[in-house]
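J.: Structure provided below as structure tokens; questions to follow.
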Amino acid sequence: MNLLQFFSKNRYMFLVALSFFFLLEIVIISTVKYLENIDKSHFLENKAKELNVQMQMGKHYLNEMAEVLYDTMLNDPKISEIMYQATQTTDLQKEALLRAELYKTLQEKYKYMKKLGVRQLHFHVPGAVSFLRFHRVEKFGDSLAAVRESLMYVNKYKEPIECFEEGRIFNGFRHVYPLFYNKEFVGSVEISYSFKAFLDHMLEINPNASYIFLMNNEVIDTKVFDDEKSNYMKSDFDSYSIDKNTLSNSMGISLDEIFTINKKIKKHILKNLENQEDFTVDTFIGQSQNKSIIVSFIGIKNFEEKKVAYMIGYSYSMTMDIFNKRATQMALILTFVNFVLTLLLIILFRKEKLKAQRASEEAIRDPLTGVLNRRGFNNILDYKISISRRYDSDMSVMFFDIDHFKDVNDNYGHDVGDTILQELSNVIKACIRESDIFARWGGEEFIIVLPQTSMKDAVVLAEKLQKEIKKYNFTKVETLTCSFGVTQLQDDESSDELLKRVDELLYLAKTTGRDRVISDTERSTNLKYSL
């Protein structure tokens, strides 16, 4: 049996085994993926918390720095006096002189502040009106009441405040302090750090990371001077723009890679951005997609506790690579186990099938000779008859038994009789075709169905068998003879009718001298002779 025949013969078994393999494989892959996602989810949550802690550390650092700068450089009676005088005059020329005096007083200090990361040093007179912007000295006199809630808070409560806020020119982490002259409120001063200063501090904590800053477009459109909107560029995320000042190629991940990552994750995070959530995702970069990247979006709230900006942190993650490799290894190991289980299942099915086949064979085979028994013969006879009629081919039947076999059993015992039956079966099997159906009818009687065989050819075969049996040297008895009845299937004849006729021919052979072959032709001759 070749391999194709083997698979064809056992296709149901293989279908069941393959179904088992693929169903279990689906369970394996789903389970491994589920466990991997749980590990990744926990890890990403921890990374988001870690980044949040780093942000709080950064903000605390800026707060402490602003407090020191205010206490050492700005909380000065001279500065308070200048601001007091500015509140007491409506003379624009005098106001300009006061502005120039204030600028001159703090010019060198401002340069030092800039080295520490301060982007804006801004003085305001009461009512949140700009008095002096050190970063844009030419812009003053505009009211900030509608765009700077932090200034209105200081004007109202006369106490310091720190928060993130977008202004007319820059966004920033702002620290606003009230100014007093002889206990009279004379305005406020703001120390503002850009996100770049914040970013530099974050990079000191984690030099391998990269960061960009997104600002809500609605806030930009509402608050920023038109000629200052060029500080922002369009991002891949709807409703947000990138602060150009935060872009740098000196970070752990290049800008080209960052923009590639943003395009890649865009469609997966739009809902998170719309819902203003803090979240962390993972993705891959590199030609072979083998570098795991963690991207964390941390929202930044303004004075009113509304998220108006995002800090995005990018970092390589060996841990995510380990999760991916571990999941792959686990899947391969479990797939191998699945394969072994499937193989064992096939072996078990095969074993059970062979066992069932053996049981089926034993039910239709004579245990002594190994040939078909009467039950097995009857199971196949009708099928052979139908095939003969379907193809309009001849079919003959040969019925024979051993002459005087009772004497063999009586004289030599049943053990010898059994041996002779086995030997006789072997002689017959050596002389017939594989397509012929050979069975033990019972006792010493045997029957053979001969497909595609005429009665004339069947008689020739019977005579050949008669001679082979005579010349075979059987155990103890040496010589045996058999009587044969031979007939051919007739039109519209049933199996029972066919067996009855061939039985009658065998009976005729035994009653007319034994050791004979009697066919329908010889039967006619014997009947004529007897008449």
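Residues are referred to by chain and number: the chain letter is A, B, ... according to the order shown in the structure tokens, the number counts from 1 in that chain, and ligands are numbered separately from 1 in the order shown.
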What lies within 9 Å of Ile312 (chain A) using only C-alpha atoms, ignoring chain neighbours under 2 positions off, as a compact mmCIF listing (two decimals) with N, CA and C atoms, in the first residue's frame?
T.:
```
# COMPACT_ATOMS: atom_id res chain seq x y z
N SER A 210 12.86 59.65 24.02
CA SER A 210 12.61 60.82 23.16
C SER A 210 11.22 61.35 23.50
N TYR A 211 11.04 62.66 23.32
CA TYR A 211 9.78 63.28 23.69
C TYR A 211 9.39 64.33 22.65
N ILE A 212 8.08 64.47 22.44
CA ILE A 212 7.56 65.62 21.70
C ILE A 212 6.35 66.16 22.47
N PHE A 213 5.97 67.37 22.10
CA PHE A 213 4.90 68.05 22.83
C PHE A 213 3.80 68.42 21.85
N LEU A 214 2.56 67.98 22.15
CA LEU A 214 1.40 68.31 21.33
C LEU A 214 0.51 69.32 22.04
N VAL A 295 5.24 53.81 23.41
CA VAL A 295 4.81 55.20 23.20
C VAL A 295 3.78 55.55 24.27
N SER A 296 4.11 56.53 25.12
CA SER A 296 3.22 56.93 26.22
C SER A 296 2.68 58.33 25.97
N PHE A 297 1.37 58.46 26.09
CA PHE A 297 0.70 59.75 25.95
C PHE A 297 0.24 60.19 27.34
N ILE A 298 0.85 61.25 27.85
CA ILE A 298 0.49 61.77 29.17
C ILE A 298 -0.12 63.16 28.99
N GLY A 299 -1.37 63.29 29.39
CA GLY A 299 -2.07 64.56 29.24
C GLY A 299 -1.56 65.62 30.21
N TYR A 310 -0.45 67.24 25.26
CA TYR A 310 0.08 65.91 25.55
C TYR A 310 1.60 65.93 25.47
N TYR A 314 8.77 58.38 23.89
CA TYR A 314 9.12 57.22 23.06
C TYR A 314 10.37 56.57 23.65
```
J.: Within 8 Å of region 73-81 of chain A, counting only C-alpha atoms, which residues qualify if same-chain residues fewer than 5 places away don't, as a PyMOL selection string?
T.: chain A and resi 102+109+179-181+186
J.: Take the residues from that selection and write them out as a PDB file, in the first residue's frame, keeping N, CA and C atoms.
T.:
```
ATOM      1  N   LEU A 102      13.200  98.867  34.429  1.00  0.00           N
ATOM      2  CA  LEU A 102      12.995  97.487  34.902  1.00  0.00           C
ATOM      3  C   LEU A 102      13.800  96.494  34.049  1.00  0.00           C
ATOM      4  N   LYS A 109      20.281  89.361  34.863  1.00  0.00           N
ATOM      5  CA  LYS A 109      19.666  88.248  35.581  1.00  0.00           C
ATOM      6  C   LYS A 109      18.810  87.380  34.642  1.00  0.00           C
ATOM      7  N   LEU A 179       3.081  90.799  43.281  1.00  0.00           N
ATOM      8  CA  LEU A 179       4.065  91.804  43.714  1.00  0.00           C
ATOM      9  C   LEU A 179       3.370  92.840  44.601  1.00  0.00           C
ATOM     10  N   PHE A 180       4.036  93.207  45.693  1.00  0.00           N
ATOM     11  CA  PHE A 180       3.451  94.172  46.651  1.00  0.00           C
ATOM     12  C   PHE A 180       4.452  95.303  46.937  1.00  0.00           C
ATOM     13  N   TYR A 181       3.889  96.441  47.095  1.00  0.00           N
ATOM     14  CA  TYR A 181       4.707  97.604  47.521  1.00  0.00           C
ATOM     15  C   TYR A 181       3.993  98.213  48.718  1.00  0.00           C
ATOM     16  N   VAL A 186       0.654  95.520  43.420  1.00  0.00           N
ATOM     17  CA  VAL A 186       1.059  96.377  42.297  1.00  0.00           C
ATOM     18  C   VAL A 186       1.247  95.594  41.001  1.00  0.00           C
TER      19      VAL A 186
END
```
J.: Can you tell me, as a PyMOL selection string, what residues are no more than 10 Å from region 31-35 of chain A when counting only C-alpha atoms, ignoring any on the same chain fewer than 6 positions away?
T.: chain A and resi 25+41+323-324+326-331+334
J.: Leaving out Gly513 (chain A) and any residue of its chain fewer than 4 positions from it, which residues lie within 12 Å of it when counting only C-alpha atoms, given as a list of chain:residue names?
T.: A:Asp403, A:His404, A:Thr481, A:Cys482, A:Ser483, A:Phe484, A:Leu506, A:Tyr507, A:Leu508, A:Ala509, A:Val517, A:Ile518, A:Asn526
J.: Can I get the selected residues back with N, CA and C atoms, as a JSON list (two decimals), in the first residue's frame?
T.:
```json
[["chain", "number", "residue", "atom", "x", "y", "z"],
["A", 403, "ASP", "N", -13.62, -36.33, 1.23],
["A", 403, "ASP", "CA", -14.25, -37.67, 1.27],
["A", 403, "ASP", "C", -13.79, -38.41, 2.53],
["A", 404, "HIS", "N", -14.78, -39.03, 3.20],
["A", 404, "HIS", "CA", -14.51, -39.90, 4.38],
["A", 404, "HIS", "C", -13.70, -39.16, 5.46],
["A", 481, "THR", "N", -8.95, -37.36, -0.93],
["A", 481, "THR", "CA", -9.72, -37.04, -2.13],
["A", 481, "THR", "C", -10.87, -36.14, -1.73],
["A", 482, "CYS", "N", -11.39, -35.38, -2.71],
["A", 482, "CYS", "CA", -12.52, -34.48, -2.47],
["A", 482, "CYS", "C", -13.54, -34.63, -3.57],
["A", 483, "SER", "N", -14.79, -34.35, -3.21],
["A", 483, "SER", "CA", -15.87, -34.35, -4.19],
["A", 483, "SER", "C", -16.28, -32.90, -4.45],
["A", 484, "PHE", "N", -16.55, -32.60, -5.75],
["A", 484, "PHE", "CA", -16.81, -31.23, -6.15],
["A", 484, "PHE", "C", -18.15, -31.09, -6.85],
["A", 506, "LEU", "N", -22.90, -31.17, -5.41],
["A", 506, "LEU", "CA", -21.95, -31.83, -4.52],
["A", 506, "LEU", "C", -22.53, -33.14, -3.99],
["A", 507, "TYR", "N", -23.79, -33.09, -3.62],
["A", 507, "TYR", "CA", -24.44, -34.31, -3.12],
["A", 507, "TYR", "C", -24.42, -35.40, -4.18],
["A", 508, "LEU", "N", -24.65, -34.98, -5.43],
["A", 508, "LEU", "CA", -24.64, -35.94, -6.53],
["A", 508, "LEU", "C", -23.25, -36.54, -6.70],
["A", 509, "ALA", "N", -22.21, -35.68, -6.55],
["A", 509, "ALA", "CA", -20.83, -36.17, -6.67],
["A", 509, "ALA", "C", -20.51, -37.17, -5.58],
["A", 517, "VAL", "N", -15.92, -34.55, -9.97],
["A", 517, "VAL", "CA", -16.34, -33.18, -10.24],
["A", 517, "VAL", "C", -17.63, -33.25, -11.01],
["A", 518, "ILE", "N", -18.71, -32.77, -10.40],
["A", 518, "ILE", "CA", -20.01, -32.80, -11.05],
["A", 518, "ILE", "C", -20.47, -31.36, -11.29],
["A", 526, "ASN", "N", -25.88, -37.70, -15.80],
["A", 526, "ASN", "CA", -26.19, -38.68, -14.77],
["A", 526, "ASN", "C", -27.68, -38.93, -14.66]]
```
J.: For Arg11 (chain A), which of A:Phe349, A:Tyr84, A:Tyr103, A:Trp441 is the closest residue, counting only C-alpha atoms?
T.: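 Closest to Arg11 (chain A) of all the choices is A:Phe349.
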J.: Please list as a list of chain:residue names every residue within 8 Å of region 398-401 of chain A, counting only C-alpha atoms and excluding residues in the same chain fewer than 5 positions away.
T.: A:Glu444, A:Glu445, A:Phe446, A:Ile447, A:Ile448, A:Val449, A:Leu450, A:Ala458, A:Ala462, A:Cys482, A:Ser483, A:Phe484, A:Gly485, A:Val486, A:Thr487, A:Val502, A:Asp503, A:Leu506
J.: Create the file for the chosen residues now, containing C-alpha atoms and written as a compact mmCIF listing (two decimals), in the first residue's frame.
T.:
```txt
# COMPACT_ATOMS: atom_id res chain seq x y z
CA GLU A 444 -14.99 -30.45 6.04
CA GLU A 445 -17.03 -28.49 3.47
CA PHE A 446 -15.55 -25.59 1.48
CA ILE A 447 -16.94 -23.23 -1.14
CA ILE A 448 -15.31 -20.97 -3.76
CA VAL A 449 -16.88 -18.13 -5.74
CA LEU A 450 -15.14 -17.59 -9.09
CA ALA A 458 -14.61 -23.61 -13.28
CA ALA A 462 -11.98 -28.06 -9.98
CA CYS A 482 -12.52 -34.48 -2.47
CA SER A 483 -15.87 -34.35 -4.19
CA PHE A 484 -16.81 -31.23 -6.15
CA GLY A 485 -20.01 -29.60 -7.26
CA VAL A 486 -19.62 -26.83 -9.88
CA THR A 487 -22.26 -24.52 -11.33
CA VAL A 502 -24.41 -26.26 -6.16
CA ASP A 503 -25.19 -28.18 -2.95
CA LEU A 506 -21.95 -31.83 -4.52
```
J.: Counting only C-alpha atoms, what is within 9 Å of Asp382 (chain A), bar same-chain residues fewer than 4 positions away, as a list in words?
T.: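 Near Asp382 (chain A), the qualifying residues are Asn378, Ser386, Ile387, Ser494 and Ser495 of chain A.
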